[in-house]
Amino acid sequence: MALIETTLEDRIGTIAFNRDSQRNALSTALIDEFLTALEDFKTEKVRVVVLRSASGGKVWSAGHDVHELPKADVDPLPYDDPLMRLLRAVKAFPAPVIAMVHGSVWGGACDLVIACDLVYCDETATFAITPTKLGLPYNVAGLLNFLSRLPLNVVKEMFFSAEPITADRAAQVNIVNEIVPEQQLEQTVHAMARLIASRSVAAITATKESIRVLSESAAINPTTFEYLNGLRREVYFGPDYREGLRAFMEKRAPRF
């Protein structure tokens with residue numbers, strides 16, 4: 001069975017997670033299908049992409065498939081990690097990508113939502129970035145993704161606590177564009193998608209790429225970059241990362 005479902009109508013492409021039995025965890029196989037769908041949509045010159053869950057269950061996505069993370073002594077989120085490739089592809093896609101969120105969003109899926117151009121949710125949505133529950137040192141690119149969109153103190157709160165924030169709070173801190181009643185969510189998202197699809201494709205593509213480049217333009221010298229990577233290495237070579245993954249697999253609270 002396909003791990004995503006895709007549709008294309010009125011120059012609007014839809015990608016729907018279809019791995020409800022695993023809470024739509026972002027496995028390598030699911031991400032490969034997602035990336036293929038984006039390439040197909042690029043070939044078809046779609047004007048908007050909508051990202052959603054196929055089932056409308058309680059979990060929009062549980063994030064990075066933890067079972068696929070390395071157990072120890074290896075960078076868990078290197079440049080070529082499937083999730084990192086997916087985030088770059090969404091941000092670089094020439095047309096706007098709209099996240100339509102019903103249910104909870106966890107870990108790497110929260111980063112994916114932040115990478116989308118627009119986000120609409122209903123009152124069931126919550127958002128949590130959870131690497132500190134696993135003792136996992138998040139990478140610099142992921143941190144910058146949050147810092148380019150959210151207030152600094154909110155980024156710290158979300159990463160330090162790993163606790164979910166509600167839809168109302170998400171609207172206040174700029175994670176979502178609008179909270180819509182559940183019964184109206186799909187209608188609202190597709191109305192915005194159709195509106196965007198009626199505008200100049202060339203102008204939108206140039207604007208999206210310009211915004212991406214500007215938002216990622218934080219200057220950092222090589223020495224500082226190596227310093228930050230050194231901080232991360234100390235964590236994923238250390239005991240907390242091992243304990244975090246072990247606790248997750250054993251379905252218990254970690255003892256850091």
# chains A, B, ... in the order shown; residues from 1 in each chain; ligands from 1
$ residues_around --residues "region 15-30 of chain A" --least-positions-apart "6" --cutoff "6 Å" --atoms "only C-alpha atoms" --output "PDB file with C-alpha atoms, in the first residue's frame"
ATOM      1  CA  LEU A   3       2.525   5.472   2.102  1.00  0.00           C
ATOM      2  CA  ILE A   4       1.188   8.683   0.607  1.00  0.00           C
ATOM      3  CA  GLU A   5      -1.805   9.498  -1.563  1.00  0.00           C
ATOM      4  CA  THR A   6      -1.596  12.143  -4.265  1.00  0.00           C
ATOM      5  CA  LEU A  51       0.134  18.679   2.528  1.00  0.00           C
ATOM      6  CA  ARG A  52      -2.262  16.780   4.787  1.00  0.00           C
ATOM      7  CA  SER A  53      -3.066  13.491   6.503  1.00  0.00           C
ATOM      8  CA  ALA A  54      -5.167  11.047   4.480  1.00  0.00           C
ATOM      9  CA  VAL A  59      -1.929  12.390  14.793  1.00  0.00           C
ATOM     10  CA  SER A  61       2.483  12.985  11.858  1.00  0.00           C
ATOM     11  CA  ALA A  62       4.676  11.564  14.610  1.00  0.00           C
ATOM     12  CA  GLY A  63       7.788  12.933  12.900  1.00  0.00           C
ATOM     13  CA  HIS A  64      11.055  11.170  12.101  1.00  0.00           C
ATOM     14  CA  ASP A  65      10.672   7.398  12.342  1.00  0.00           C
ATOM     15  CA  PRO A  82      15.924  11.631   4.445  1.00  0.00           C
TER      16      PRO A  82
END
$ select_by_dssp --residues "region 62-222 of chain A" --states "strand (DSSP E or B)" --output "list in words"
His64, Val97, Ile98, Ala99, Met100, Val101, Ser104, Val105, Trp106, Leu118, Val119, Tyr120, Cys121, Thr126, Phe127, Ala128, Ile165, Thr166, Glu178 and Ile179 of chain A
$ closest_atom_pairs --of "region 104-164 of chain A" --to "region 217-224 of chain A" --cutoff "12 Å" --atoms "only C-alpha atoms" --output "CSV"
residue,atom,partner,partner_atom,distance
A:Val140,CA,A:Ile220,CA,10.9
A:Ala141,CA,A:Ala218,CA,10.5
A:Leu143,CA,A:Ala218,CA,11.7
A:Leu144,CA,A:Ala218,CA,8.3
A:Asn145,CA,A:Ala218,CA,10.9
A:Leu147,CA,A:Ala218,CA,10.3
A:Ser148,CA,A:Ala218,CA,9.4
$ residues_around --residues "Arg88 (chain A)" --least-positions-apart "3" --cutoff "12 Å" --atoms "only C-alpha atoms" --output "NGL selection string"
:A and (35 or 38 or 79-85 or 91-94 or 111-112 or 114-116 or 141-142 or 145 or 209 or 212-213 or 216)
$ atom_distance --atom1 "CA of Lys133 (chain A)" --atom2 "CA of Leu228 (chain A)"
20.2 Å
$ atom_distance --atom1 "CA of Leu134 (chain A)" --atom2 "CA of Lys251 (chain A)"
11.8 Å
$ residues_around --residues "region 174-180 of chain A" --least-positions-apart "4" --cutoff "12 Å" --atoms "only C-alpha atoms" --output "PyMOL selection string"
chain A and resi 98-102+105+110-128+145-152+154-155+158+165-170+184-189+192
$ atom_distance --atom1 "CA of Val90 (chain A)" --atom2 "CA of Val49 (chain A)"
9.6 Å
$ closest_residue --among "A:Pro76, A:Gly13, A:Gly135, A:Pro181" --to "Lys45 (chain A)" --atoms "only C-alpha atoms"
A:Gly13
$ decode --residues "region 72-113 of chain A" --atoms "N, CA and C atoms" --output "PDB file, in the first residue's frame"
ATOM      1  N   ALA A  72      23.793   4.965  18.193  1.00  0.00           N
ATOM      2  CA  ALA A  72      24.801   5.717  18.947  1.00  0.00           C
ATOM      3  C   ALA A  72      25.997   6.026  18.058  1.00  0.00           C
ATOM      4  N   ASP A  73      26.764   7.041  18.452  1.00  0.00           N
ATOM      5  CA  ASP A  73      28.081   7.348  17.885  1.00  0.00           C
ATOM      6  C   ASP A  73      28.056   7.732  16.408  1.00  0.00           C
ATOM      7  N   VAL A  74      26.888   8.131  15.913  1.00  0.00           N
ATOM      8  CA  VAL A  74      26.752   8.612  14.537  1.00  0.00           C
ATOM      9  C   VAL A  74      25.813   9.805  14.571  1.00  0.00           C
ATOM     10  N   ASP A  75      26.107  10.814  13.755  1.00  0.00           N
ATOM     11  CA  ASP A  75      25.226  11.974  13.691  1.00  0.00           C
ATOM     12  C   ASP A  75      23.825  11.502  13.301  1.00  0.00           C
ATOM     13  N   PRO A  76      22.816  11.709  14.160  1.00  0.00           N
ATOM     14  CA  PRO A  76      21.475  11.211  13.838  1.00  0.00           C
ATOM     15  C   PRO A  76      20.759  12.029  12.771  1.00  0.00           C
ATOM     16  N   LEU A  77      21.231  13.243  12.505  1.00  0.00           N
ATOM     17  CA  LEU A  77      20.578  14.096  11.505  1.00  0.00           C
ATOM     18  C   LEU A  77      21.621  14.736  10.593  1.00  0.00           C
ATOM     19  N   PRO A  78      22.329  13.917   9.796  1.00  0.00           N
ATOM     20  CA  PRO A  78      23.323  14.475   8.884  1.00  0.00           C
ATOM     21  C   PRO A  78      22.650  15.165   7.697  1.00  0.00           C
ATOM     22  N   TYR A  79      23.456  15.806   6.874  1.00  0.00           N
ATOM     23  CA  TYR A  79      22.941  16.554   5.731  1.00  0.00           C
ATOM     24  C   TYR A  79      22.102  15.668   4.809  1.00  0.00           C
ATOM     25  N   ASP A  80      22.502  14.403   4.633  1.00  0.00           N
ATOM     26  CA  ASP A  80      21.809  13.534   3.687  1.00  0.00           C
ATOM     27  C   ASP A  80      20.723  12.674   4.344  1.00  0.00           C
ATOM     28  N   ASP A  81      20.374  12.953   5.603  1.00  0.00           N
ATOM     29  CA  ASP A  81      19.266  12.233   6.229  1.00  0.00           C
ATOM     30  C   ASP A  81      17.989  12.464   5.421  1.00  0.00           C
ATOM     31  N   PRO A  82      17.140  11.455   5.257  1.00  0.00           N
ATOM     32  CA  PRO A  82      15.924  11.631   4.445  1.00  0.00           C
ATOM     33  C   PRO A  82      15.063  12.813   4.879  1.00  0.00           C
ATOM     34  N   LEU A  83      14.908  13.018   6.186  1.00  0.00           N
ATOM     35  CA  LEU A  83      14.104  14.149   6.645  1.00  0.00           C
ATOM     36  C   LEU A  83      14.731  15.478   6.221  1.00  0.00           C
ATOM     37  N   MET A  84      16.047  15.575   6.321  1.00  0.00           N
ATOM     38  CA  MET A  84      16.720  16.807   5.911  1.00  0.00           C
ATOM     39  C   MET A  84      16.540  17.056   4.412  1.00  0.00           C
ATOM     40  N   ARG A  85      16.613  15.997   3.618  1.00  0.00           N
ATOM     41  CA  ARG A  85      16.378  16.138   2.172  1.00  0.00           C
ATOM     42  C   ARG A  85      14.948  16.601   1.894  1.00  0.00           C
ATOM     43  N   LEU A  86      14.007  16.079   2.663  1.00  0.00           N
ATOM     44  CA  LEU A  86      12.609  16.464   2.481  1.00  0.00           C
ATOM     45  C   LEU A  86      12.394  17.941   2.819  1.00  0.00           C
ATOM     46  N   LEU A  87      12.960  18.382   3.918  1.00  0.00           N
ATOM     47  CA  LEU A  87      12.796  19.782   4.310  1.00  0.00           C
ATOM     48  C   LEU A  87      13.361  20.720   3.241  1.00  0.00           C
ATOM     49  N   ARG A  88      14.539  20.375   2.722  1.00  0.00           N
ATOM     50  CA  ARG A  88      15.127  21.214   1.674  1.00  0.00           C
ATOM     51  C   ARG A  88      14.266  21.216   0.422  1.00  0.00           C
ATOM     52  N   ALA A  89      13.691  20.065   0.089  1.00  0.00           N
ATOM     53  CA  ALA A  89      12.864  19.973  -1.118  1.00  0.00           C
ATOM     54  C   ALA A  89      11.592  20.809  -0.990  1.00  0.00           C
ATOM     55  N   VAL A  90      10.984  20.802   0.182  1.00  0.00           N
ATOM     56  CA  VAL A  90       9.768  21.597   0.400  1.00  0.00           C
ATOM     57  C   VAL A  90      10.078  23.083   0.298  1.00  0.00           C
ATOM     58  N   LYS A  91      11.179  23.488   0.931  1.00  0.00           N
ATOM     59  CA  LYS A  91      11.526  24.912   0.909  1.00  0.00           C
ATOM     60  C   LYS A  91      11.945  25.377  -0.485  1.00  0.00           C
ATOM     61  N   ALA A  92      12.564  24.492  -1.251  1.00  0.00           N
ATOM     62  CA  ALA A  92      13.037  24.865  -2.584  1.00  0.00           C
ATOM     63  C   ALA A  92      11.999  24.627  -3.675  1.00  0.00           C
ATOM     64  N   PHE A  93      10.881  23.975  -3.347  1.00  0.00           N
ATOM     65  CA  PHE A  93       9.879  23.700  -4.379  1.00  0.00           C
ATOM     66  C   PHE A  93       9.399  25.026  -4.972  1.00  0.00           C
ATOM     67  N   PRO A  94       9.274  25.117  -6.297  1.00  0.00           N
ATOM     68  CA  PRO A  94       8.990  26.415  -6.919  1.00  0.00           C
ATOM     69  C   PRO A  94       7.609  26.988  -6.650  1.00  0.00           C
ATOM     70  N   ALA A  95       6.675  26.169  -6.194  1.00  0.00           N
ATOM     71  CA  ALA A  95       5.328  26.658  -5.873  1.00  0.00           C
ATOM     72  C   ALA A  95       5.111  26.619  -4.362  1.00  0.00           C
ATOM     73  N   PRO A  96       4.187  27.420  -3.851  1.00  0.00           N
ATOM     74  CA  PRO A  96       3.900  27.398  -2.416  1.00  0.00           C
ATOM     75  C   PRO A  96       3.408  26.035  -1.943  1.00  0.00           C
ATOM     76  N   VAL A  97       3.834  25.656  -0.746  1.00  0.00           N
ATOM     77  CA  VAL A  97       3.385  24.426  -0.094  1.00  0.00           C
ATOM     78  C   VAL A  97       2.589  24.828   1.146  1.00  0.00           C
ATOM     79  N   ILE A  98       1.338  24.364   1.218  1.00  0.00           N
ATOM     80  CA  ILE A  98       0.445  24.701   2.326  1.00  0.00           C
ATOM     81  C   ILE A  98       0.226  23.462   3.186  1.00  0.00           C
ATOM     82  N   ALA A  99       0.506  23.564   4.479  1.00  0.00           N
ATOM     83  CA  ALA A  99       0.216  22.475   5.413  1.00  0.00           C
ATOM     84  C   ALA A  99      -1.205  22.640   5.940  1.00  0.00           C
ATOM     85  N   MET A 100      -1.988  21.583   5.838  1.00  0.00           N
ATOM     86  CA  MET A 100      -3.340  21.548   6.369  1.00  0.00           C
ATOM     87  C   MET A 100      -3.340  20.562   7.531  1.00  0.00           C
ATOM     88  N   VAL A 101      -3.413  21.074   8.750  1.00  0.00           N
ATOM     89  CA  VAL A 101      -3.113  20.261   9.929  1.00  0.00           C
ATOM     90  C   VAL A 101      -4.354  19.994  10.761  1.00  0.00           C
ATOM     91  N   HIS A 102      -4.665  18.711  10.886  1.00  0.00           N
ATOM     92  CA  HIS A 102      -5.671  18.225  11.833  1.00  0.00           C
ATOM     93  C   HIS A 102      -4.967  17.208  12.711  1.00  0.00           C
ATOM     94  N   GLY A 103      -4.947  17.436  14.030  1.00  0.00           N
ATOM     95  CA  GLY A 103      -4.299  16.501  14.930  1.00  0.00           C
ATOM     96  C   GLY A 103      -2.928  16.983  15.368  1.00  0.00           C
ATOM     97  N   SER A 104      -2.232  16.125  16.097  1.00  0.00           N
ATOM     98  CA  SER A 104      -0.967  16.506  16.720  1.00  0.00           C
ATOM     99  C   SER A 104       0.201  16.338  15.755  1.00  0.00           C
ATOM    100  N   VAL A 105       1.195  17.186  15.925  1.00  0.00           N
ATOM    101  CA  VAL A 105       2.389  17.211  15.088  1.00  0.00           C
ATOM    102  C   VAL A 105       3.593  17.083  16.019  1.00  0.00           C
ATOM    103  N   TRP A 106       4.470  16.117  15.729  1.00  0.00           N
ATOM    104  CA  TRP A 106       5.556  15.801  16.650  1.00  0.00           C
ATOM    105  C   TRP A 106       6.906  15.823  15.949  1.00  0.00           C
ATOM    106  N   GLY A 107       7.931  16.237  16.678  1.00  0.00           N
ATOM    107  CA  GLY A 107       9.316  16.090  16.236  1.00  0.00           C
ATOM    108  C   GLY A 107       9.594  16.664  14.864  1.00  0.00           C
ATOM    109  N   GLY A 108      10.193  15.835  13.997  1.00  0.00           N
ATOM    110  CA  GLY A 108      10.566  16.275  12.662  1.00  0.00           C
ATOM    111  C   GLY A 108       9.390  16.742  11.831  1.00  0.00           C
ATOM    112  N   ALA A 109       8.190  16.265  12.138  1.00  0.00           N
ATOM    113  CA  ALA A 109       7.008  16.741  11.415  1.00  0.00           C
ATOM    114  C   ALA A 109       6.717  18.191  11.759  1.00  0.00           C
ATOM    115  N   CYS A 110       7.072  18.599  12.962  1.00  0.00           N
ATOM    116  CA  CYS A 110       6.927  20.008  13.333  1.00  0.00           C
ATOM    117  C   CYS A 110       7.884  20.859  12.501  1.00  0.00           C
ATOM    118  N   ASP A 111       9.091  20.371  12.295  1.00  0.00           N
ATOM    119  CA  ASP A 111      10.047  21.057  11.422  1.00  0.00           C
ATOM    120  C   ASP A 111       9.500  21.131  10.001  1.00  0.00           C
ATOM    121  N   LEU A 112       8.853  20.076   9.548  1.00  0.00           N
ATOM    122  CA  LEU A 112       8.253  20.073   8.214  1.00  0.00           C
ATOM    123  C   LEU A 112       7.168  21.131   8.096  1.00  0.00           C
ATOM    124  N   VAL A 113       6.328  21.259   9.111  1.00  0.00           N
ATOM    125  CA  VAL A 113       5.296  22.295   9.105  1.00  0.00           C
ATOM    126  C   VAL A 113       5.933  23.678   9.026  1.00  0.00           C
TER     127      VAL A 113
END
